[in-house]
$ cat model29.csv   # CSV, C-alpha atoms
chain,number,residue,atom,x,y,z
A,259,MET,CA,31.2,0.3,-4.8
A,260,ALA,CA,32.6,1.6,-8.2
A,261,VAL,CA,29.3,3.1,-9.1
A,262,TYR,CA,29.3,5.2,-6.0
A,263,LEU,CA,32.8,6.5,-6.9
A,264,LEU,CA,31.5,7.3,-10.4
A,265,CYS,CA,28.7,9.2,-8.7
A,266,LEU,CA,31.3,11.2,-6.8
A,267,VAL,CA,33.1,11.9,-10.0
A,268,LEU,CA,30.0,13.2,-11.6
A,269,PHE,CA,29.3,15.5,-8.5
A,270,SER,CA,33.0,16.7,-8.7
A,271,LEU,CA,32.4,17.5,-12.4
A,272,GLY,CA,29.4,19.7,-11.5
A,273,LEU,CA,31.3,21.3,-8.6
A,274,TYR,CA,34.3,22.1,-10.9
A,275,CYS,CA,31.8,23.6,-13.4
A,276,ILE,CA,30.3,25.8,-10.7
A,277,LEU,CA,33.7,27.0,-9.3
A,278,ARG,CA,35.7,27.3,-12.5
A,279,LYS,CA,33.4,28.5,-15.3
A,280,ARG,CA,32.8,32.2,-16.0
A,281,ASN,CA,29.6,32.0,-18.0
A,282,ILE,CA,26.4,32.1,-15.9
A,283,ILE,CA,24.6,29.5,-18.1
A,284,LYS,CA,27.5,27.1,-17.6
A,285,ILE,CA,27.3,27.6,-13.9
A,286,ILE,CA,23.6,26.8,-13.9
A,287,VAL,CA,24.4,23.6,-15.9
A,288,GLY,CA,27.0,22.7,-13.3
A,289,VAL,CA,24.4,23.2,-10.5
A,290,ILE,CA,22.1,20.8,-12.4
A,291,ILE,CA,24.8,18.2,-12.9
A,292,ALA,CA,25.7,18.2,-9.2
A,293,GLU,CA,22.1,18.0,-8.2
A,294,TYR,CA,21.5,15.0,-10.5
A,295,ALA,CA,24.6,13.3,-9.3
A,296,VAL,CA,23.1,13.4,-5.8
A,297,ASN,CA,19.8,12.1,-7.1
A,298,LEU,CA,21.6,9.2,-8.9
A,299,PHE,CA,23.4,8.4,-5.6
A,300,PHE,CA,20.1,8.0,-3.8
A,301,ILE,CA,18.7,5.8,-6.5
A,302,LEU,CA,21.8,3.6,-6.3
A,303,VAL,CA,21.6,3.3,-2.5
A,304,ALA,CA,18.0,2.2,-2.9
A,305,TYR,CA,18.9,-0.6,-5.3
A,306,ARG,CA,18.7,-4.3,-4.2
A,307,MET,CA,20.3,-7.1,-6.2
A,308,LYS,CA,17.6,-8.6,-8.5
A,309,GLY,CA,14.9,-6.4,-6.9
A,310,ARG,CA,11.7,-5.6,-8.6
A,311,SER,CA,9.9,-2.3,-8.6
A,312,PRO,CA,8.0,-1.6,-5.3
A,313,ILE,CA,4.5,-1.7,-6.8
A,314,LEU,CA,1.8,-3.9,-5.5
A,315,SER,CA,0.2,-5.8,-8.4
A,316,PRO,CA,-2.6,-8.5,-8.2
A,317,ASP,CA,-0.5,-11.6,-8.6
A,318,ALA,CA,2.9,-10.9,-7.1
A,319,GLU,CA,4.4,-12.0,-3.9
A,320,ILE,CA,6.0,-9.3,-1.8
A,321,LEU,CA,9.8,-10.0,-1.7
A,322,ASN,CA,13.0,-8.6,-3.1
A,323,MET,CA,11.6,-5.1,-3.7
A,324,VAL,CA,14.0,-2.1,-4.1
A,325,ASP,CA,13.7,0.4,-1.3
A,326,PRO,CA,10.9,2.9,-2.2
A,327,LEU,CA,11.8,5.6,0.4
A,328,PRO,CA,14.8,7.2,-1.5
A,329,HIS,CA,12.6,7.1,-4.6
A,330,ALA,CA,10.0,9.3,-2.9
A,331,LEU,CA,12.8,11.6,-1.6
A,332,VAL,CA,14.3,11.9,-5.1
A,333,LEU,CA,10.9,12.7,-6.6
A,334,THR,CA,10.6,15.6,-4.2
A,335,ALA,CA,14.2,16.7,-4.9
A,336,ILE,CA,13.5,16.7,-8.6
A,337,VAL,CA,10.5,19.1,-8.0
A,338,ILE,CA,12.6,21.4,-5.9
A,339,GLY,CA,15.4,21.3,-8.5
A,340,LEU,CA,13.0,22.3,-11.2
A,341,ALA,CA,11.9,25.3,-9.1
A,342,THR,CA,15.4,26.4,-8.3
A,343,THR,CA,16.5,26.0,-11.9
A,344,ALA,CA,13.7,28.2,-13.1
A,345,LEU,CA,14.6,30.8,-10.5
A,346,LEU,CA,18.3,30.7,-11.5
A,347,VAL,CA,17.4,31.0,-15.2
A,348,ALA,CA,15.1,34.0,-14.4
A,349,ILE,CA,17.9,35.7,-12.4
A,350,ALA,CA,20.4,35.1,-15.2
A,351,MET,CA,18.0,36.6,-17.7
A,352,ARG,CA,17.6,39.7,-15.5
A,353,ILE,CA,21.4,40.0,-15.2
A,354,TYR,CA,21.8,39.8,-19.0
A,355,GLU,CA,19.1,42.4,-19.4
A,356,LYS,CA,20.9,44.8,-17.0
A,357,TYR,CA,24.5,44.3,-17.9
A,358,GLY,CA,24.3,42.8,-21.5
A,359,THR,CA,26.7,40.0,-20.6
A,360,PHE,CA,26.8,36.5,-19.1
A,361,ASP,CA,30.4,36.8,-18.0
A,362,ILE,CA,30.6,37.0,-14.2
A,363,THR,CA,34.0,38.8,-14.2
A,364,LYS,CA,32.4,41.7,-16.0
A,365,ILE,CA,29.6,42.1,-13.6
A,366,ARG,CA,31.4,44.1,-10.9
A,367,GLU,CA,29.8,47.5,-10.5
A,368,LEU,CA,26.4,48.1,-8.9
A,369,ARG,CA,25.0,50.1,-11.8
A,370,GLY,CA,21.8,52.0,-10.9
B,854,MET,CA,10.0,26.5,-37.1
B,855,SER,CA,10.3,24.6,-40.3
B,856,LEU,CA,7.5,22.7,-42.0
B,857,ILE,CA,8.7,19.3,-40.8
B,858,VAL,CA,8.6,20.4,-37.2
B,859,LYS,CA,5.2,21.9,-37.6
B,860,THR,CA,3.7,18.8,-39.2
B,861,ILE,CA,5.1,16.4,-36.7
B,862,THR,CA,3.9,18.7,-33.8
B,863,ARG,CA,0.4,18.8,-35.3
B,864,LEU,CA,0.3,15.0,-35.4
B,865,THR,CA,1.8,14.3,-32.0
B,866,VAL,CA,0.7,17.0,-29.7
B,867,GLY,CA,-2.7,15.5,-29.1
B,868,LEU,CA,-1.2,12.1,-28.4
B,869,ILE,CA,1.2,13.6,-25.9
B,870,LEU,CA,-1.8,15.3,-24.1
B,871,LEU,CA,-3.8,12.1,-24.1
B,872,TYR,CA,-0.8,10.2,-22.7
B,873,GLY,CA,-0.5,12.7,-19.9
B,874,ILE,CA,-4.2,12.3,-19.1
B,875,TYR,CA,-3.8,8.5,-19.1
B,876,ILE,CA,-0.9,8.7,-16.6
B,877,VAL,CA,-2.9,10.9,-14.3
B,878,LEU,CA,-6.0,8.7,-14.4
B,879,HIS,CA,-4.0,5.5,-13.8
B,880,GLY,CA,-1.9,7.1,-11.1
B,881,HIS,CA,-3.2,4.9,-8.3
B,882,VAL,CA,-2.9,1.5,-10.0
B,883,SER,CA,0.4,1.9,-11.9
B,884,PRO,CA,3.6,4.0,-11.8
B,885,GLY,CA,3.0,7.7,-12.5
B,886,GLY,CA,0.5,10.0,-10.8
B,887,GLY,CA,-0.4,13.6,-10.6
B,888,PHE,CA,3.1,15.1,-10.9
B,889,ALA,CA,4.4,13.0,-13.8
B,890,GLY,CA,1.1,13.3,-15.8
B,891,GLY,CA,1.0,17.1,-15.1
B,892,VAL,CA,4.5,17.4,-16.4
B,893,ILE,CA,3.6,15.6,-19.6
B,894,ILE,CA,0.5,17.7,-20.1
B,895,ALA,CA,2.6,20.9,-19.6
B,896,LEU,CA,5.2,19.5,-22.1
B,897,SER,CA,2.5,19.1,-24.8
B,898,PHE,CA,1.6,22.9,-24.5
B,899,ILE,CA,5.4,23.8,-24.4
B,900,HIS,CA,5.9,21.7,-27.5
B,901,LEU,CA,3.1,23.7,-29.2
B,902,MET,CA,4.8,26.9,-28.2
B,903,LEU,CA,8.2,25.8,-29.4
B,904,ALA,CA,6.9,24.8,-32.8
B,905,TYR,CA,4.3,27.5,-33.6
B,906,GLY,CA,5.3,30.5,-31.5
B,907,LYS,CA,3.9,32.0,-28.3
B,908,GLU,CA,0.7,33.4,-29.9
B,909,THR,CA,-0.7,30.0,-30.9
B,910,ALA,CA,0.0,28.3,-27.6
B,911,LEU,CA,-1.3,31.3,-25.6
B,912,ARG,CA,-4.5,31.1,-27.6
B,913,LYS,CA,-5.0,27.4,-26.5
B,914,LEU,CA,-4.2,28.2,-22.9
B,915,SER,CA,-3.8,31.8,-22.0
B,916,LYS,CA,-1.7,33.3,-19.2
B,917,ALA,CA,-4.8,34.1,-17.1
B,918,ALA,CA,-6.2,30.6,-17.7
B,919,ALA,CA,-2.9,29.0,-16.6
B,920,SER,CA,-2.9,31.2,-13.5
B,921,PHE,CA,-6.5,30.3,-12.7
B,922,PHE,CA,-5.9,26.5,-13.2
B,923,GLU,CA,-2.8,26.6,-11.0
B,924,SER,CA,-4.7,28.3,-8.1
B,925,MET,CA,-7.7,26.0,-8.7
B,926,GLY,CA,-5.5,22.9,-8.4
B,927,ALA,CA,-4.2,24.0,-5.0
B,928,ILE,CA,-7.7,24.9,-3.7
B,929,LEU,CA,-9.1,21.6,-5.0
B,930,PHE,CA,-6.4,19.7,-3.2
B,931,LEU,CA,-7.0,21.6,0.1
B,932,GLY,CA,-10.8,21.2,-0.4
B,933,ILE,CA,-10.5,17.4,-0.8
B,934,ALA,CA,-8.3,17.2,2.3
B,935,LEU,CA,-10.8,19.4,4.3
B,936,LEU,CA,-13.8,17.3,3.2
B,937,GLY,CA,-12.3,14.6,5.3
B,938,PHE,CA,-13.5,16.4,8.3
B,939,THR,CA,-17.1,15.4,7.4
B,940,GLY,CA,-16.2,11.9,8.6
B,941,GLY,CA,-13.5,12.5,11.1
B,942,TYR,CA,-10.0,13.8,10.3
B,943,PHE,CA,-7.9,15.6,7.8
B,944,PHE,CA,-7.3,13.6,4.5
B,945,LEU,CA,-9.9,11.0,5.5
B,946,ASN,CA,-10.7,8.7,2.5
B,947,PHE,CA,-14.4,9.2,2.8
B,948,ILE,CA,-15.5,7.8,-0.6
B,949,SER,CA,-15.9,4.0,-0.9
B,950,LYS,CA,-12.6,2.4,-1.7
B,951,GLY,CA,-14.0,0.1,-4.4
B,952,GLU,CA,-12.2,-3.1,-5.6
B,953,PRO,CA,-8.4,-3.0,-5.5
B,954,PHE,CA,-6.4,-2.8,-8.8
B,955,LYS,CA,-9.4,-1.5,-10.8
B,956,LEU,CA,-9.6,1.9,-12.4
B,957,PHE,CA,-12.4,3.3,-10.2
B,958,SER,CA,-11.0,2.5,-6.8
B,959,ALA,CA,-8.9,4.0,-4.0
B,960,GLY,CA,-11.4,6.7,-2.9
B,961,ILE,CA,-10.0,10.2,-3.0
B,962,ILE,CA,-6.6,9.4,-4.4
B,963,PRO,CA,-7.5,9.8,-8.1
B,964,LEU,CA,-9.2,13.1,-7.2
B,965,CYS,CA,-6.1,14.3,-5.4
B,966,ASN,CA,-4.1,13.2,-8.5
B,967,MET,CA,-6.2,15.3,-10.8
B,968,ALA,CA,-5.8,18.3,-8.5
B,969,ILE,CA,-2.0,17.9,-8.4
B,970,CYS,CA,-2.1,17.5,-12.2
B,971,LEU,CA,-3.9,20.8,-12.7
B,972,LYS,CA,-1.4,22.5,-10.3
B,973,VAL,CA,1.7,21.1,-11.8
B,974,GLY,CA,0.7,21.3,-15.5
B,975,ALA,CA,-0.5,24.9,-15.3
B,976,GLY,CA,2.4,25.9,-13.1
B,977,LEU,CA,5.1,24.5,-15.3
B,978,PHE,CA,3.5,26.1,-18.4
B,979,ALA,CA,3.2,29.4,-16.5
B,980,ILE,CA,7.0,29.2,-15.6
B,981,PHE,CA,7.8,28.7,-19.3
B,982,VAL,CA,5.5,31.5,-20.4
B,983,ALA,CA,7.0,33.8,-17.8
B,984,LEU,CA,10.5,33.1,-19.0
B,985,VAL,CA,9.4,33.7,-22.7
B,986,LEU,CA,7.6,36.9,-21.9
B,987,LEU,CA,10.5,38.2,-19.8
B,988,LYS,CA,12.8,37.6,-22.8
B,989,PHE,CA,10.4,39.5,-25.1
B,990,ASP,CA,10.2,42.4,-22.6
B,991,SER,CA,14.0,42.8,-22.6
B,992,GLU,CA,14.2,42.7,-26.4
B,993,LYS,CA,11.6,45.4,-26.8
B,994,ARG,CA,13.8,48.0,-25.1

$ encode --input "model29.csv" --output "structure tokens"
Amino acid sequence: MAVYLLCLVLFSLGLYCILRKRNIIKIIVGVIIAEYAVNLFFILVAYRMKGRSPILSPDAEILNMVDPLPHALVLTAIVIGLATTALLVAIAMRIYEKYGTFDITKIRELRG
Amino acid sequence: MSLIVKTITRLTVGLILLYGIYIVLHGHVSPGGGFAGGVIIALSFIHLMLAYGKETALRKLSKAAASFFESMGAILFLGIALLGFTGGYFFLNFISKGEPFKLFSAGIIPLCNMAICLKVGAGLFAIFVALVLLKFDSEKR
């Protein structure tokens, strides 16, 4: 149970970083931290006590495997996270090119 | 980068590429597969670009080549899936399955892994190249 609460703490850290920080790069880092906290939660849900990895090998009886379904889900989530992170970084670079700053409080006017 | 980084990169970049190819080829019998191996292959080229600059890496795998391989991976994956219609339905495993837990087994799954590896490796490298070139564009002005 404690590990789930630690997961929640990590997610809250990412959310704090998104809501509180002014620098766009730090906001992106917060998004990544929140996302990986959710991934970690799924992996922890999939864990069985003394379970082995869910891979069929020639001389192994099939018992006590960890749940493979959240693993597949997290693999897809990591791919989507990669794409969204690349998109966020590209948008941040365009903002820096246009305004010359990463500070979100200075990006107010719709300049040209 | 410094001489140490360049020397270590020259020694290790081939091994990283080889490890990625190993992960892809053994994707159906052990952990790993097309996505993980493709990421490792892309990281070997990104490693080269970080150490030697963008010209050297783009000489090994140019922007047009990365774009071509990315599209080719998607088309190969779709083509393998469509070839299943020769025997019946979409994604039919029409090649002989072979013996389980051997390297040459599992029918079309290794071929699908290779297509995914092309798509992911070239795509990830293209993302990195796009970010680098965008940065250089803004500095030129």

$ residues_around --input "model29.csv" --residues "Pro884 in chain B" --least-positions-apart "4" --cutoff "10 Å" --atoms "only C-alpha atoms" --output "ChimeraX atom specification"
/A:311-313 /B:876-877,879-880,889

$ closest_residue --input "model29.csv" --among "B:Val882, B:Ile894, B:Ala983, B:Leu971" --to "Pro953 in chain B" --atoms "all atoms listed in the file"
B:Val882

$ atom_distance --input "model29.csv" --atom1 "CA of Ala295 in chain A" --atom2 "CA of Ser270 in chain A"
9.1 Å

$ interface_residues --input "model29.csv" --of "chain A" --to "chain B" --cutoff "9 Å" --atoms "all atoms listed in the file" --output "ChimeraX atom specification"
/A:313-316,337,344,347-348,351-352,355

$ atom_distance --input "model29.csv" --atom1 "CA of Ala304 in chain A" --atom2 "CA of Asn322 in chain A"
11.9 Å

$ atom_distance --input "model29.csv" --atom1 "CA of Ser855 in chain B" --atom2 "CA of Ala975 in chain B"
27.2 Å

$ residues_around --input "model29.csv" --residues "Glu293 in chain A" --least-positions-apart "6" --cutoff "12 Å" --atoms "all atoms listed in the file" --output "list in words"
Cys265, Leu266, Leu268, Phe269, Ser270, Leu271, Gly272, Leu273, Ile276, Ile286, Val287, Phe299, Phe300, Val332, Ala335, Ile336, Val337, Ile338, Gly339, Leu340, Thr342 and Thr343 of chain A

$ residues_around --input "model29.csv" --residues "Leu878 in chain B" --least-positions-apart "6" --cutoff "9 Å" --atoms "all atoms listed in the file" --output "PyMOL selection string"
chain B and resi 886-887+890+956+963+966-967

$ residues_around --input "model29.csv" --residues "Ile962 in chain B" --least-positions-apart "2" --cutoff "10 Å" --atoms "all atoms listed in the file" --output "list in words"
Gly880, His881, Gly886, Gly887, Ile933, Phe944, Asn946, Ile948, Lys950, Ser958, Ala959, Gly960, Leu964, Cys965, Asn966, Met967 and Ala968 of chain B

$ closest_residue --input "model29.csv" --among "A:Lys279, A:Lys284, A:Leu264, A:His329" --to "Ala350 in chain A" --atoms "all atoms listed in the file"
A:Lys284

$ residues_near_point --input "model29.csv" --point "(4.2, 19.8, -37.0)" --cutoff "7 Å" --atoms "all atoms listed in the file" --output "list in words"
Leu856, Ile857, Val858, Lys859, Thr860, Ile861, Thr862, Arg863 and Leu864 of chain B

$ residues_around --input "model29.csv" --residues "Asp325 in chain A" --least-positions-apart "5" --cutoff "10 Å" --atoms "all atoms listed in the file" --output "list in words"
Ile301, Val303, Ala304, Tyr305, Arg306, Gly309, Arg310, Ser311, Pro312 and Ala330 of chain A

$ closest_residue --input "model29.csv" --among "B:Leu929, B:Leu936, B:Ser897, B:Ser949" --to "Leu914 in chain B" --atoms "only C-alpha atoms"
B:Ser897
